file entry_16.txt (compact mmCIF, C-alpha atoms)
# COMPACT_ATOMS: atom_id res chain seq x y z
CA MET A 553 59.28 78.93 99.29
CA GLU A 554 60.80 82.30 100.28
CA ALA A 555 57.51 83.38 101.87
CA ASN A 556 57.29 80.12 103.84
CA THR A 557 60.85 80.60 105.08
CA ARG A 558 60.10 84.11 106.26
CA SER A 559 56.85 83.13 107.92
CA SER A 560 58.54 80.30 109.80
CA GLY A 561 61.23 82.64 111.08
CA ARG A 562 63.99 80.41 109.71
CA LEU A 563 66.96 81.68 107.74
CA PRO A 564 67.32 80.61 104.08
CA ALA A 565 69.67 77.67 103.53
CA ALA A 566 72.25 79.96 101.90
CA PHE A 567 72.76 81.75 105.21
CA LEU A 568 73.45 78.47 107.01
CA THR A 569 75.81 76.91 104.48
CA PRO A 570 79.52 77.13 105.33
CA GLY A 571 81.36 79.12 102.71
CA SER A 572 83.89 81.88 102.28
CA SER A 573 85.35 83.59 105.32
CA SER A 574 84.81 86.88 103.50
CA PHE A 575 81.58 88.72 104.29
CA MET A 576 81.98 90.69 101.05
CA ASP A 577 82.09 87.47 99.03
CA PHE A 578 78.94 86.33 100.81
CA LEU A 579 77.11 89.57 99.91
CA THR A 580 78.42 89.42 96.35
CA GLU A 581 76.91 85.96 95.92
CA HIS A 582 73.60 86.40 97.74
CA SER A 583 72.81 90.14 97.91
CA PRO A 584 75.14 92.04 95.56
CA GLU A 585 72.82 95.05 95.51
CA MET A 586 73.74 95.72 99.16
CA LEU A 587 77.37 96.50 98.33
CA PRO A 588 78.04 100.27 98.10
CA GLY A 589 79.80 99.97 94.74
CA ASN A 590 76.80 98.21 93.17
CA ARG A 591 74.25 100.91 93.94
CA GLU A 592 72.61 102.62 90.99
CA LEU A 593 72.92 106.39 91.18
CA PRO A 594 69.84 108.48 90.37
CA SER A 595 70.02 110.58 87.23
CA VAL A 596 70.55 114.25 88.06
CA GLN A 597 71.18 117.41 86.10
CA GLY A 598 73.90 119.80 87.15
CA ALA A 599 76.41 119.53 89.94
CA VAL A 600 75.39 117.97 93.24
CA GLU A 601 77.31 118.83 96.41
CA LEU A 602 77.75 116.02 98.94
CA PRO A 603 79.38 116.14 102.39
CA HIS A 604 83.08 115.36 102.24
CA GLY A 605 85.45 114.43 105.04
CA THR A 606 88.82 116.10 104.94
CA THR A 607 92.07 115.50 106.83
CA ILE A 608 93.36 112.36 108.58
CA VAL A 609 96.89 112.02 110.01
CA GLY A 610 98.79 109.17 111.61
CA ALA A 611 102.18 108.64 113.23
CA THR A 612 103.97 105.68 114.76
CA PHE A 613 105.75 105.76 118.09
CA SER A 614 107.85 103.25 119.99
CA GLY A 615 104.80 101.53 121.52
CA GLY A 616 102.20 101.76 118.77
CA VAL A 617 100.49 104.21 116.43
CA VAL A 618 98.33 107.32 116.72
CA LEU A 619 95.52 108.03 114.23
CA ALA A 620 93.69 111.36 114.30
CA GLY A 621 91.23 113.38 112.26
CA ASP A 622 89.69 116.83 112.22
CA ARG A 623 85.92 117.16 112.68
CA ARG A 624 84.75 119.22 109.69
CA ALA A 625 82.68 117.99 106.73
CA THR A 626 82.13 120.33 103.79
CA MET A 627 79.77 120.68 100.82
CA GLY A 628 81.60 122.86 98.36
CA ASN A 629 82.28 126.12 100.17
CA ILE A 630 79.74 125.33 102.92
CA ILE A 631 80.51 123.70 106.27
CA ALA A 632 78.09 120.77 106.34
CA GLN A 633 78.95 119.54 109.84
CA ARG A 634 81.38 120.68 112.52
CA ASP A 635 81.62 117.56 114.68
CA VAL A 636 81.70 114.61 112.28
CA GLN A 637 83.67 111.55 113.37
CA LYS A 638 86.22 110.35 110.82
CA VAL A 639 88.28 107.80 112.79
CA PHE A 640 86.72 104.46 113.72
CA PRO A 641 87.96 101.24 115.32
CA ALA A 642 88.10 98.45 112.73
CA ASP A 643 88.62 95.80 115.39
CA GLU A 644 90.49 95.48 118.68
CA TYR A 645 93.93 96.25 117.22
CA SER A 646 93.27 98.48 114.21
CA ALA A 647 91.49 101.64 113.14
CA VAL A 648 90.54 103.39 109.92
CA GLY A 649 90.27 107.10 109.17
CA ILE A 650 88.15 108.29 106.26
CA ALA A 651 88.47 111.05 103.68
CA GLY A 652 86.19 111.53 100.70
CA THR A 653 82.43 111.23 100.32
CA ALA A 654 81.33 111.09 103.95
CA GLY A 655 78.16 108.97 103.74
CA LEU A 656 79.72 106.36 101.48
CA ALA A 657 82.89 106.30 103.58
CA VAL A 658 81.00 105.58 106.81
CA GLU A 659 79.09 102.79 105.06
CA MET A 660 82.36 101.29 103.85
CA VAL A 661 83.82 101.41 107.36
CA LYS A 662 80.80 99.55 108.76
CA LEU A 663 81.15 96.92 106.06
CA PHE A 664 84.86 96.61 106.83
CA GLN A 665 84.09 96.10 110.53
CA LEU A 666 81.64 93.33 109.59
CA GLU A 667 84.21 91.80 107.25
CA LEU A 668 86.77 91.44 110.06
CA GLU A 669 84.20 90.20 112.56
CA HIS A 670 82.82 87.67 110.07
CA PHE A 671 86.31 86.29 109.36
CA GLU A 672 87.04 85.91 113.06
CA LYS A 673 83.78 84.03 113.69
CA VAL A 674 84.17 81.71 110.69
CA GLU A 675 87.88 80.98 111.05
CA GLY A 676 88.15 81.21 114.83
CA ALA A 677 91.18 83.50 114.48
CA THR A 678 91.89 87.11 113.59
CA LEU A 679 93.47 88.27 110.37
CA SER A 680 97.02 89.54 110.44
CA LEU A 681 97.41 93.30 110.06
CA GLU A 682 98.62 92.74 106.48
CA GLY A 683 95.50 90.63 105.84
CA LYS A 684 93.24 93.38 107.16
CA ALA A 685 95.00 95.95 104.97
CA ASN A 686 94.49 93.70 101.94
CA ARG A 687 90.78 93.21 102.69
CA LEU A 688 90.32 96.98 102.85
CA SER A 689 92.15 97.33 99.54
CA THR A 690 89.66 94.92 97.93
CA MET A 691 86.73 96.91 99.29
CA ILE A 692 88.10 100.18 97.91
CA ARG A 693 88.66 98.57 94.51
CA SER A 694 85.04 97.40 94.45
CA ASN A 695 83.99 101.05 94.79
CA LEU A 696 85.94 102.15 91.70
CA GLY A 697 82.77 102.68 89.65
CA MET A 698 81.47 105.12 92.25
CA ALA A 699 84.86 106.81 92.48
CA MET A 700 84.90 107.41 88.71
CA GLN A 701 81.60 109.24 89.16
CA GLY A 702 83.05 111.48 91.84
CA LEU A 703 82.09 109.47 94.93
CA ALA A 704 85.57 108.52 96.05
CA VAL A 705 86.55 107.07 99.43
CA VAL A 706 90.21 107.15 100.44
CA PRO A 707 90.94 105.76 103.93
CA LEU A 708 94.02 105.64 106.11
CA PHE A 709 94.44 102.33 107.95
CA ALA A 710 96.59 101.85 111.04
CA GLY A 711 97.04 99.23 113.70
CA TRP A 712 99.22 97.23 116.03
CA ASP A 713 100.97 94.35 114.28
CA VAL A 714 100.85 91.51 116.80
CA ASN A 715 103.42 89.47 114.88
CA ARG A 716 105.97 92.26 114.41
CA GLU A 717 105.09 93.95 117.71
CA LYS A 718 104.91 97.48 116.33
CA GLY A 719 102.46 100.04 114.96
CA ARG A 720 102.03 100.28 111.17
CA ILE A 721 100.20 102.61 108.77
CA PHE A 722 98.77 101.91 105.29
CA SER A 723 97.48 104.42 102.73
CA TYR A 724 95.41 103.79 99.58
CA ASP A 725 94.45 105.33 96.27
CA VAL A 726 90.96 105.21 94.74
CA THR A 727 91.79 102.03 92.79
CA GLY A 728 92.62 100.14 96.00
CA GLY A 729 96.37 100.42 95.56
CA ARG A 730 97.98 99.96 98.97
CA SER A 731 101.20 101.47 100.29
CA GLU A 732 102.78 101.12 103.68
CA GLU A 733 103.79 104.44 105.20
CA PHE A 734 106.80 104.57 107.48
CA GLY A 735 106.75 106.95 110.41
CA PHE A 736 103.80 109.13 109.47
CA ALA A 737 101.09 109.68 106.87
CA ALA A 738 98.31 112.12 105.95
CA ILE A 739 95.33 112.01 103.59
CA GLY A 740 92.56 114.40 102.60
CA SER A 741 92.40 117.97 101.34
CA GLY A 742 94.68 119.28 104.07
CA SER A 743 97.18 116.44 103.77
CA VAL A 744 99.81 118.44 101.89
CA PHE A 745 100.07 120.89 104.78
CA ALA A 746 99.77 118.22 107.48
CA ARG A 747 102.45 116.11 105.81
CA GLY A 748 104.80 119.11 105.73
CA ALA A 749 104.39 119.55 109.47
CA LEU A 750 104.82 115.82 110.11
CA LYS A 751 107.95 115.67 107.98
CA LYS A 752 109.65 118.47 109.89
CA LEU A 753 108.58 117.48 113.41
CA TYR A 754 108.62 113.66 113.33
CA ARG A 755 111.36 111.88 115.24
CA GLU A 756 112.05 108.19 115.73
CA ASN A 757 111.25 106.66 119.11
CA LEU A 758 108.58 109.20 120.03
CA THR A 759 106.61 108.56 123.19
CA GLU A 760 102.84 108.20 123.04
CA SER A 761 102.37 111.71 124.42
CA GLN A 762 104.79 113.17 121.87
CA ALA A 763 103.05 111.35 119.00
CA ILE A 764 99.68 112.77 120.11
CA THR A 765 101.21 116.26 120.19
CA LEU A 766 102.75 115.69 116.75
CA VAL A 767 99.50 114.74 114.99
CA THR A 768 97.61 117.54 116.74
CA GLN A 769 100.22 120.06 115.56
CA ALA A 770 99.84 118.68 112.02
CA LEU A 771 96.05 119.18 112.16
CA PHE A 772 96.57 122.75 113.39
CA ASP A 773 98.81 123.42 110.38
CA ALA A 774 96.38 121.78 107.96
CA ALA A 775 93.48 123.88 109.28
CA ASP A 776 95.65 126.99 109.04
CA ASP A 777 96.02 126.66 105.25
CA ASP A 778 93.12 124.45 104.11
CA SER A 779 89.61 125.85 104.46
CA ALA A 780 88.05 122.36 104.33
CA THR A 781 89.96 121.23 107.42
CA GLY A 782 88.42 122.28 110.71
CA GLY A 783 90.69 123.46 113.49
CA PRO A 784 89.87 122.82 117.15
CA ASP A 785 86.72 124.75 118.10
CA LEU A 786 87.39 125.83 121.66
CA ALA A 787 84.15 127.80 121.96
CA ARG A 788 82.01 124.75 121.08
CA ARG A 789 84.42 122.31 122.76
CA ILE A 790 84.91 120.37 119.52
CA TYR A 791 88.33 118.76 119.37
CA PRO A 792 90.04 116.41 116.90
CA VAL A 793 89.38 112.70 117.23
CA LEU A 794 92.60 111.32 118.72
CA THR A 795 93.07 107.55 118.92
CA VAL A 796 95.92 105.34 120.08
CA ILE A 797 96.53 101.69 119.17
CA THR A 798 99.04 99.66 121.19
CA ASP A 799 99.51 96.08 122.30
CA GLU A 800 96.63 96.76 124.70
CA GLY A 801 94.29 97.54 121.80
CA PHE A 802 92.41 100.52 120.43
CA ARG A 803 91.69 103.53 122.64
CA ARG A 804 90.08 106.86 121.83
CA LEU A 805 91.20 109.77 123.98
CA THR A 806 88.44 111.16 126.15
CA GLU A 807 87.14 114.68 125.58
CA GLY A 808 89.13 115.81 128.62
CA GLU A 809 92.36 114.28 127.29
CA ALA A 810 91.82 115.75 123.82
CA SER A 811 91.00 119.14 125.34
CA GLU A 812 94.22 119.10 127.37
CA ALA A 813 96.35 118.27 124.32
CA VAL A 814 94.66 120.90 122.15
CA ARG A 815 94.69 123.70 124.72
CA ALA A 816 98.40 123.20 125.46
CA ILE A 817 99.19 123.70 121.76
CA HIS A 818 96.71 126.58 121.50
CA GLU A 819 98.44 128.42 124.35
CA GLN A 820 101.81 127.93 122.64
CA ARG A 821 100.46 129.20 119.33
CA LEU A 822 99.24 132.40 120.92
CA GLN A 823 102.96 133.21 121.11
CA GLU A 824 104.03 131.35 117.94
CA PRO A 825 101.05 131.30 115.51
CA ASP A 826 102.93 129.20 112.95
CA GLY A 827 103.78 126.50 115.46
CA PRO A 828 107.13 125.06 116.57
CA ARG A 829 110.21 125.47 114.42
CA ALA A 830 112.20 122.52 113.16
CA GLU A 831 115.97 122.66 113.52
CA LEU A 832 117.87 123.91 110.48
CA LEU A 833 120.67 121.40 110.93
call {"tool": "encode", "arguments": {"input": "entry_16.txt", "output": "structure tokens"}}
result
Amino acid sequence: MEANTRSSGRLPAAFLTPGSSSFMDFLTEHSPEMLPGNRELPSVQGAVELPHGTTIVGATFSGGVVLAGDRRATMGNIIAQRDVQKVFPADEYSAVGIAGTAGLAVEMVKLFQLELEHFEKVEGATLSLEGKANRLSTMIRSNLGMAMQGLAVVPLFAGWDVNREKGRIFSYDVTGGRSEEFGFAAIGSGSVFARGALKKLYRENLTESQAITLVTQALFDAADDDSATGGPDLARRIYPVLTVITDEGFRRLTEGEASEAVRAIHEQRLQEPDGPRAELL
């Protein structure tokens, strides 16, 4: 029967039957082996180094939210890639930044994009930002088995809340636990240093330009103290991925815009290597 279906070029009945608006539920029922968390890992002896993404930062401003990431992927003490992309659009009004096992994280992002697109096509409407954050939480939880074996994926999710008319940020742990972050957030190996910079420099009612400067400063500080976080590579013209989400949707800064933001901070840090000082009082 399956062979006849394939030879006729027609989809199996299961693919044409109305069902759940969740693409993950559909895969779980019909092709569970395609889900990242259900893959069987090959047996290996000794430690295996896999590429890992590192630092993602986000900050809200009066008209939306900025999400940014450095470009370095590491394998142990080796730089695996200098220009990896770690921030992706989830849909028109949201984005996700990834830290953790790079290959698995990118696969999860693609599945998340399909999940949101599938819901919109089935229901004829988009999920709320809270709904999107919850769907991502479910996906992370389904990867818990992989995470317990060292293949963890920890994203940072941000977007424009159409109902509340403001930018919002959500962080997660490896079990899928979700927390809303207010003002700013950072994940990854350099997050402790990035968060310190964000905490001292963040102000309410930032402009979009100021928020871009803020997250770029935080990535500079993270790269300064964390070897797994890559700083801007001016010689190779590799700059952080800088994205903005407003009521007009998702936008990634062009290479020229990113270069301008990075070089302005670089020039300042030639005079003040540790970056701007926060006020004592």
call {"tool": "atom_distance", "arguments": {"input": "entry_16.txt", "atom1": "CA of Asp773 in chain A", "atom2": "CA of Gln637 in chain A"}}
result
19.5 Å
call {"tool": "residues_around", "arguments": {"input": "entry_16.txt", "residues": "range 789-799 of chain A", "least_positions_apart": "3", "cutoff": "8 Å", "atoms": "all atoms listed in the file", "output": "ChimeraX atom specification"}}
result
/A:615-623,634-635,637-639,645-647,711-712,714,717-719,764,768,783-786,802-805,807,810-811,814
call {"tool": "atom_distance", "arguments": {"input": "entry_16.txt", "atom1": "CA of Gly740 in chain A", "atom2": "CA of Tyr724 in chain A"}}
result
11.4 Å
call {"tool": "closest_residue", "arguments": {"input": "entry_16.txt", "among": "A:Val636, A:Ala642, A:Asp776, A:Glu732", "to": "Leu663 in chain A", "atoms": "all atoms listed in the file"}}
result
A:Ala642
call {"tool": "atom_distance", "arguments": {"input": "entry_16.txt", "atom1": "CA of Leu771 in chain A", "atom2": "CA of Arg687 in chain A"}}
result
28.1 Å
call {"tool": "residues_around", "arguments": {"input": "entry_16.txt", "residues": "Lys662 in chain A", "least_positions_apart": "5", "cutoff": "10 Å", "atoms": "only C-alpha atoms", "output": "JSON, numbers by chain"}}
result
{"A": [640, 641, 642, 657, 667]}
call {"tool": "closest_residue", "arguments": {"input": "entry_16.txt", "among": "A:Met698, A:Ser731, A:Ala654, A:His818", "to": "Glu682 in chain A", "atoms": "all atoms listed in the file"}}
result
A:Ser731
call {"tool": "closest_residue", "arguments": {"input": "entry_16.txt", "among": "A:Val726, A:Thr765, A:Gln820, A:Glu831", "to": "Met700 in chain A", "atoms": "only C-alpha atoms"}}
result
A:Val726
call {"tool": "closest_residue", "arguments": {"input": "entry_16.txt", "among": "A:Ile608, A:Val661, A:Glu812, A:Ala710", "to": "Leu681 in chain A", "atoms": "only C-alpha atoms"}}
result
A:Ala710
call {"tool": "closest_residue", "arguments": {"input": "entry_16.txt", "among": "A:Asn695, A:Gln633, A:Thr781, A:Asn686", "to": "Phe745 in chain A", "atoms": "all atoms listed in the file"}}
result
A:Thr781
call {"tool": "residues_around", "arguments": {"input": "entry_16.txt", "residues": "Lys751 in chain A", "least_positions_apart": "6", "cutoff": "10 Å", "atoms": "only C-alpha atoms", "output": "list in words"}}
result
Gly735, Phe736, Ala737, Phe745, Ala770 and Ala830 of chain A
call {"tool": "residues_around", "arguments": {"input": "entry_16.txt", "residues": "Gly728 in chain A", "least_positions_apart": "5", "cutoff": "6 Å", "atoms": "all atoms listed in the file", "output": "ChimeraX atom specification"}}
result
/A:689,692-693
call {"tool": "write_last_selection", "arguments": {"input": "entry_16.txt", "atoms": "C-alpha atoms", "output": "compact mmCIF listing (two decimals), in the coordinates of the input"}}
result
# COMPACT_ATOMS: atom_id res chain seq x y z
CA SER A 689 92.15 97.33 99.54
CA ILE A 692 88.10 100.18 97.91
CA ARG A 693 88.66 98.57 94.51
call {"tool": "axis_aligned_box", "arguments": {"input": "entry_16.txt", "around": "range 695-698 of chain A", "padding_each_side": "8 Å", "output": "lines of an AutoDock Vina configuration file"}}
result
center_x = 83.7
center_y = 103.1
center_z = 92.2
size_x = 20.5
size_y = 20.1
size_z = 21.1
call {"tool": "closest_residue", "arguments": {"input": "entry_16.txt", "among": "A:Glu809, A:Glu644, A:Asp826, A:Glu819", "to": "Ala774 in chain A", "atoms": "all atoms listed in the file"}}
result
A:Asp826
call {"tool": "build_atoms", "arguments": {"input": "entry_16.txt", "residues": "range 745-762 of chain A", "atoms": "N, CA and C atoms", "output": "tab-separated table (two decimals), in the coordinates of the input"}}
result
chain	number	residue	atom	x	y	z
A	745	PHE	N	99.57	120.04	103.71
A	745	PHE	CA	100.07	120.89	104.78
A	745	PHE	C	100.38	120.07	106.03
A	746	ALA	N	99.53	119.09	106.33
A	746	ALA	CA	99.77	118.22	107.48
A	746	ALA	C	101.05	117.42	107.29
A	747	ARG	N	101.25	116.92	106.07
A	747	ARG	CA	102.45	116.11	105.81
A	747	ARG	C	103.71	116.96	105.96
A	748	GLY	N	103.64	118.23	105.55
A	748	GLY	CA	104.80	119.11	105.73
A	748	GLY	C	105.17	119.26	107.19
A	749	ALA	N	104.14	119.43	108.03
A	749	ALA	CA	104.39	119.55	109.47
A	749	ALA	C	104.94	118.25	110.04
A	750	LEU	N	104.36	117.12	109.62
A	750	LEU	CA	104.82	115.82	110.11
A	750	LEU	C	106.27	115.57	109.71
A	751	LYS	N	106.60	115.92	108.48
A	751	LYS	CA	107.95	115.67	107.98
A	751	LYS	C	108.99	116.43	108.79
A	752	LYS	N	108.67	117.65	109.18
A	752	LYS	CA	109.65	118.47	109.89
A	752	LYS	C	109.71	118.17	111.39
A	753	LEU	N	108.63	117.67	111.95
A	753	LEU	CA	108.58	117.48	113.41
A	753	LEU	C	108.73	116.02	113.85
A	754	TYR	N	108.56	115.07	112.94
A	754	TYR	CA	108.62	113.66	113.33
A	754	TYR	C	110.03	113.25	113.74
A	755	ARG	N	110.10	112.47	114.79
A	755	ARG	CA	111.36	111.88	115.24
A	755	ARG	C	111.13	110.40	115.53
A	756	GLU	N	112.16	109.60	115.37
A	756	GLU	CA	112.05	108.19	115.73
A	756	GLU	C	111.98	108.05	117.25
A	757	ASN	N	111.36	106.98	117.69
A	757	ASN	CA	111.25	106.66	119.11
A	757	ASN	C	110.50	107.73	119.91
A	758	LEU	N	109.44	108.28	119.30
A	758	LEU	CA	108.58	109.20	120.03
A	758	LEU	C	107.86	108.44	121.14
A	759	THR	N	107.49	109.14	122.19
A	759	THR	CA	106.61	108.56	123.19
A	759	THR	C	105.17	108.72	122.72
A	760	GLU	N	104.25	108.07	123.41
A	760	GLU	CA	102.84	108.20	123.04
A	760	GLU	C	102.38	109.65	123.15
A	761	SER	N	102.76	110.31	124.22
A	761	SER	CA	102.37	111.71	124.42
A	761	SER	C	102.93	112.60	123.32
A	762	GLN	N	104.17	112.37	122.93
A	762	GLN	CA	104.79	113.17	121.87
A	762	GLN	C	104.11	112.92	120.53
